[in-house]
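Participant: Below: one structure in structure tokens.
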Amino acid sequence: MTVQCCQCKKVRTNGQWIDASEALTGRVSHSYCPTCSDAMLAEIDQQRAREAMGSRPAIEAT
Ligand SMILES: [Zn+2]
């Protein structure tokens, strides 16, 4: 089964992520390549940091 990054459209082949310009055939599973996965996690971290700074203090647990 082919795994394609749904972000940058690269395809995993033999453990490597390469640009696939040709049409994919067969079953395709969409995932994130390491590059896009890291970028997405970094984005989430930044978003959480912004929210943490902008939000009111959380209710303290007693
Ligand atoms: Zn990607």
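In the structure tokens, chains take the letters A, B, ... in the order shown, each chain's residues start at 1, and ligands count up from 1 in the order shown.
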Need the shell around Gln4 (chain A): protein/DNA/RNA residues with any atom at most 6 Å away, counting only C-alpha atoms. Skip same-chain ones fewer than 2 positions apart. Format as a compact mmCIF listing (two decimals) with C-alpha atoms, in the first residue's frame?

Facilitator:
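So part_34.txt came out as:
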```
# COMPACT_ATOMS: atom_id res chain seq x y z
CA LYS A 9 2.11 15.03 -1.59
CA LYS A 10 5.35 13.14 -1.31
CA VAL A 11 5.16 9.37 -1.45
CA HIS A 30 -2.63 9.45 3.55
CA SER A 31 -0.29 10.41 6.30
```

Participant: Pull the alpha helix (DSSP H) assignments for chain A out of DSSP run on the backbone, and list those residues as an MDAnalysis selection string.

Facilitator: chainID A and resid 34:54

Participant: Restricting it to N, CA and C atoms, dump the selection as a PDB file, in the first residue's frame.

Facilitator:
```
ATOM      1  N   PRO A  34       7.852  12.938   7.696  1.00  0.00           N
ATOM      2  CA  PRO A  34       8.523  13.491   8.884  1.00  0.00           C
ATOM      3  C   PRO A  34       8.646  15.010   8.839  1.00  0.00           C
ATOM      4  N   THR A  35       8.928  15.548   7.671  1.00  0.00           N
ATOM      5  CA  THR A  35       9.087  16.998   7.549  1.00  0.00           C
ATOM      6  C   THR A  35       7.792  17.721   7.894  1.00  0.00           C
ATOM      7  N   CYS A  36       6.707  17.273   7.286  1.00  0.00           N
ATOM      8  CA  CYS A  36       5.434  17.929   7.528  1.00  0.00           C
ATOM      9  C   CYS A  36       4.928  17.633   8.938  1.00  0.00           C
ATOM     10  N   SER A  37       5.252  16.447   9.432  1.00  0.00           N
ATOM     11  CA  SER A  37       4.855  16.098  10.787  1.00  0.00           C
ATOM     12  C   SER A  37       5.524  17.034  11.794  1.00  0.00           C
ATOM     13  N   ASP A  38       6.823  17.262  11.604  1.00  0.00           N
ATOM     14  CA  ASP A  38       7.547  18.169  12.493  1.00  0.00           C
ATOM     15  C   ASP A  38       6.989  19.579  12.388  1.00  0.00           C
ATOM     16  N   ALA A  39       6.733  20.010  11.155  1.00  0.00           N
ATOM     17  CA  ALA A  39       6.215  21.356  10.955  1.00  0.00           C
ATOM     18  C   ALA A  39       4.852  21.507  11.610  1.00  0.00           C
ATOM     19  N   MET A  40       4.049  20.474  11.504  1.00  0.00           N
ATOM     20  CA  MET A  40       2.715  20.545  12.085  1.00  0.00           C
ATOM     21  C   MET A  40       2.786  20.586  13.604  1.00  0.00           C
ATOM     22  N   LEU A  41       3.672  19.776  14.184  1.00  0.00           N
ATOM     23  CA  LEU A  41       3.821  19.766  15.632  1.00  0.00           C
ATOM     24  C   LEU A  41       4.327  21.115  16.126  1.00  0.00           C
ATOM     25  N   ALA A  42       5.270  21.705  15.376  1.00  0.00           N
ATOM     26  CA  ALA A  42       5.788  23.015  15.749  1.00  0.00           C
ATOM     27  C   ALA A  42       4.678  24.053  15.690  1.00  0.00           C
ATOM     28  N   GLU A  43       3.845  23.941  14.676  1.00  0.00           N
ATOM     29  CA  GLU A  43       2.729  24.867  14.536  1.00  0.00           C
ATOM     30  C   GLU A  43       1.774  24.732  15.715  1.00  0.00           C
ATOM     31  N   ILE A  44       1.509  23.495  16.104  1.00  0.00           N
ATOM     32  CA  ILE A  44       0.605  23.256  17.234  1.00  0.00           C
ATOM     33  C   ILE A  44       1.206  23.829  18.514  1.00  0.00           C
ATOM     34  N   ASP A  45       2.519  23.636  18.687  1.00  0.00           N
ATOM     35  CA  ASP A  45       3.178  24.176  19.873  1.00  0.00           C
ATOM     36  C   ASP A  45       3.055  25.683  19.925  1.00  0.00           C
ATOM     37  N   GLN A  46       3.297  26.321  18.769  1.00  0.00           N
ATOM     38  CA  GLN A  46       3.204  27.784  18.723  1.00  0.00           C
ATOM     39  C   GLN A  46       1.784  28.243  19.018  1.00  0.00           C
ATOM     40  N   GLN A  47       0.828  27.502  18.484  1.00  0.00           N
ATOM     41  CA  GLN A  47      -0.560  27.882  18.704  1.00  0.00           C
ATOM     42  C   GLN A  47      -0.917  27.750  20.176  1.00  0.00           C
ATOM     43  N   ARG A  48      -0.453  26.685  20.792  1.00  0.00           N
ATOM     44  CA  ARG A  48      -0.725  26.496  22.218  1.00  0.00           C
ATOM     45  C   ARG A  48      -0.080  27.592  23.045  1.00  0.00           C
ATOM     46  N   ALA A  49       1.144  27.972  22.652  1.00  0.00           N
ATOM     47  CA  ALA A  49       1.842  29.018  23.382  1.00  0.00           C
ATOM     48  C   ALA A  49       1.080  30.336  23.268  1.00  0.00           C
ATOM     49  N   ARG A  50       0.593  30.639  22.061  1.00  0.00           N
ATOM     50  CA  ARG A  50      -0.191  31.864  21.874  1.00  0.00           C
ATOM     51  C   ARG A  50      -1.460  31.821  22.709  1.00  0.00           C
ATOM     52  N   GLU A  51      -2.130  30.698  22.695  1.00  0.00           N
ATOM     53  CA  GLU A  51      -3.369  30.573  23.451  1.00  0.00           C
ATOM     54  C   GLU A  51      -3.101  30.691  24.944  1.00  0.00           C
ATOM     55  N   ALA A  52      -2.003  30.120  25.385  1.00  0.00           N
ATOM     56  CA  ALA A  52      -1.674  30.160  26.801  1.00  0.00           C
ATOM     57  C   ALA A  52      -1.407  31.595  27.242  1.00  0.00           C
ATOM     58  N   MET A  53      -0.749  32.364  26.368  1.00  0.00           N
ATOM     59  CA  MET A  53      -0.453  33.757  26.719  1.00  0.00           C
ATOM     60  C   MET A  53      -1.704  34.621  26.664  1.00  0.00           C
ATOM     61  N   GLY A  54      -2.576  34.312  25.708  1.00  0.00           N
ATOM     62  CA  GLY A  54      -3.737  35.159  25.503  1.00  0.00           C
ATOM     63  C   GLY A  54      -4.923  34.804  26.366  1.00  0.00           C
TER      64      GLY A  54
END
```

Participant: Hey, which of A:Cys33, A:Trp17, A:Thr25, A:Ile59 ends up closest to ligand 1? Count only C-alpha atoms and all ligand atoms.

Facilitator: A:Cys33

Participant: Between A:Gln16, A:Thr2, A:Ser29, A:Gln7, which one has atoms that come closest to ligand 1, using only C-alpha atoms and all ligand atoms?

Facilitator: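 Result for the nearest residue to ligand 1: A:Gln7.
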
Participant: Could you state the separation of CA of Thr13 (chain A) and CA of Val28 (chain A) in Å, given to one decimal place?

Facilitator: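 Rounded to one decimal, the two atoms are 12.2 Å apart.
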
Participant: Name the residues of chain A that fall into strand (DSSP E or B) according to DSSP on the backbone, using the chain letters and numbers of this document, as a PDB file with N, CA and C atoms, in the first residue's frame.

Facilitator:
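Result file out.pdb:
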```
ATOM      1  N   THR A   2       0.485   2.197  -0.805  1.00  0.00           N
ATOM      2  CA  THR A   2       1.261   3.424  -0.924  1.00  0.00           C
ATOM      3  C   THR A   2       0.857   4.402   0.172  1.00  0.00           C
ATOM      4  N   VAL A   3       1.849   5.052   0.736  1.00  0.00           N
ATOM      5  CA  VAL A   3       1.588   6.076   1.737  1.00  0.00           C
ATOM      6  C   VAL A   3       1.976   7.426   1.155  1.00  0.00           C
ATOM      7  N   GLN A   4       1.028   8.333   1.148  1.00  0.00           N
ATOM      8  CA  GLN A   4       1.296   9.658   0.605  1.00  0.00           C
ATOM      9  C   GLN A   4       1.095  10.706   1.687  1.00  0.00           C
ATOM     10  N   CYS A   5       2.001  11.672   1.719  1.00  0.00           N
ATOM     11  CA  CYS A   5       1.848  12.794   2.637  1.00  0.00           C
ATOM     12  C   CYS A   5       0.727  13.690   2.118  1.00  0.00           C
ATOM     13  N   LYS A  10       4.273  14.086  -1.064  1.00  0.00           N
ATOM     14  CA  LYS A  10       5.351  13.137  -1.307  1.00  0.00           C
ATOM     15  C   LYS A  10       4.864  11.725  -1.008  1.00  0.00           C
ATOM     16  N   VAL A  11       5.547  10.770  -1.596  1.00  0.00           N
ATOM     17  CA  VAL A  11       5.162   9.368  -1.449  1.00  0.00           C
ATOM     18  C   VAL A  11       6.311   8.604  -0.820  1.00  0.00           C
ATOM     19  N   ARG A  12       5.966   7.726   0.084  1.00  0.00           N
ATOM     20  CA  ARG A  12       7.006   6.947   0.735  1.00  0.00           C
ATOM     21  C   ARG A  12       7.329   5.718  -0.101  1.00  0.00           C
ATOM     22  N   THR A  13       8.585   5.595  -0.455  1.00  0.00           N
ATOM     23  CA  THR A  13       9.039   4.457  -1.242  1.00  0.00           C
ATOM     24  C   THR A  13      10.306   3.910  -0.619  1.00  0.00           C
ATOM     25  N   GLN A  16      11.786   5.928   2.058  1.00  0.00           N
ATOM     26  CA  GLN A  16      12.165   7.313   1.766  1.00  0.00           C
ATOM     27  C   GLN A  16      10.975   8.059   1.192  1.00  0.00           C
ATOM     28  N   TRP A  17      10.952   9.345   1.487  1.00  0.00           N
ATOM     29  CA  TRP A  17       9.869  10.191   0.985  1.00  0.00           C
ATOM     30  C   TRP A  17      10.362  10.938  -0.244  1.00  0.00           C
ATOM     31  N   ILE A  18       9.698  10.703  -1.354  1.00  0.00           N
ATOM     32  CA  ILE A  18      10.111  11.323  -2.606  1.00  0.00           C
ATOM     33  C   ILE A  18       8.926  12.035  -3.249  1.00  0.00           C
ATOM     34  N   ASP A  19       9.235  12.985  -4.098  1.00  0.00           N
ATOM     35  CA  ASP A  19       8.193  13.645  -4.862  1.00  0.00           C
ATOM     36  C   ASP A  19       7.630  12.674  -5.886  1.00  0.00           C
ATOM     37  N   VAL A  28      -4.043   4.021  -1.601  1.00  0.00           N
ATOM     38  CA  VAL A  28      -3.190   5.082  -1.091  1.00  0.00           C
ATOM     39  C   VAL A  28      -3.648   5.449   0.312  1.00  0.00           C
ATOM     40  N   SER A  29      -2.716   5.396   1.235  1.00  0.00           N
ATOM     41  CA  SER A  29      -3.000   5.813   2.599  1.00  0.00           C
ATOM     42  C   SER A  29      -2.374   7.182   2.823  1.00  0.00           C
ATOM     43  N   HIS A  30      -3.149   8.103   3.351  1.00  0.00           N
ATOM     44  CA  HIS A  30      -2.630   9.448   3.550  1.00  0.00           C
ATOM     45  C   HIS A  30      -2.106   9.608   4.966  1.00  0.00           C
ATOM     46  N   SER A  31      -0.945  10.208   5.021  1.00  0.00           N
ATOM     47  CA  SER A  31      -0.291  10.413   6.302  1.00  0.00           C
ATOM     48  C   SER A  31       0.535  11.687   6.207  1.00  0.00           C
TER      49      SER A  31
END
```

Participant: From the options A:Ala20, A:Asn14, A:Thr62, A:Arg27, which residue's atoms come nearest to ligand 1, counting only C-alpha atoms and all ligand atoms?

Facilitator: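 Among the listed residues, A:Ala20 lies closest to ligand 1.
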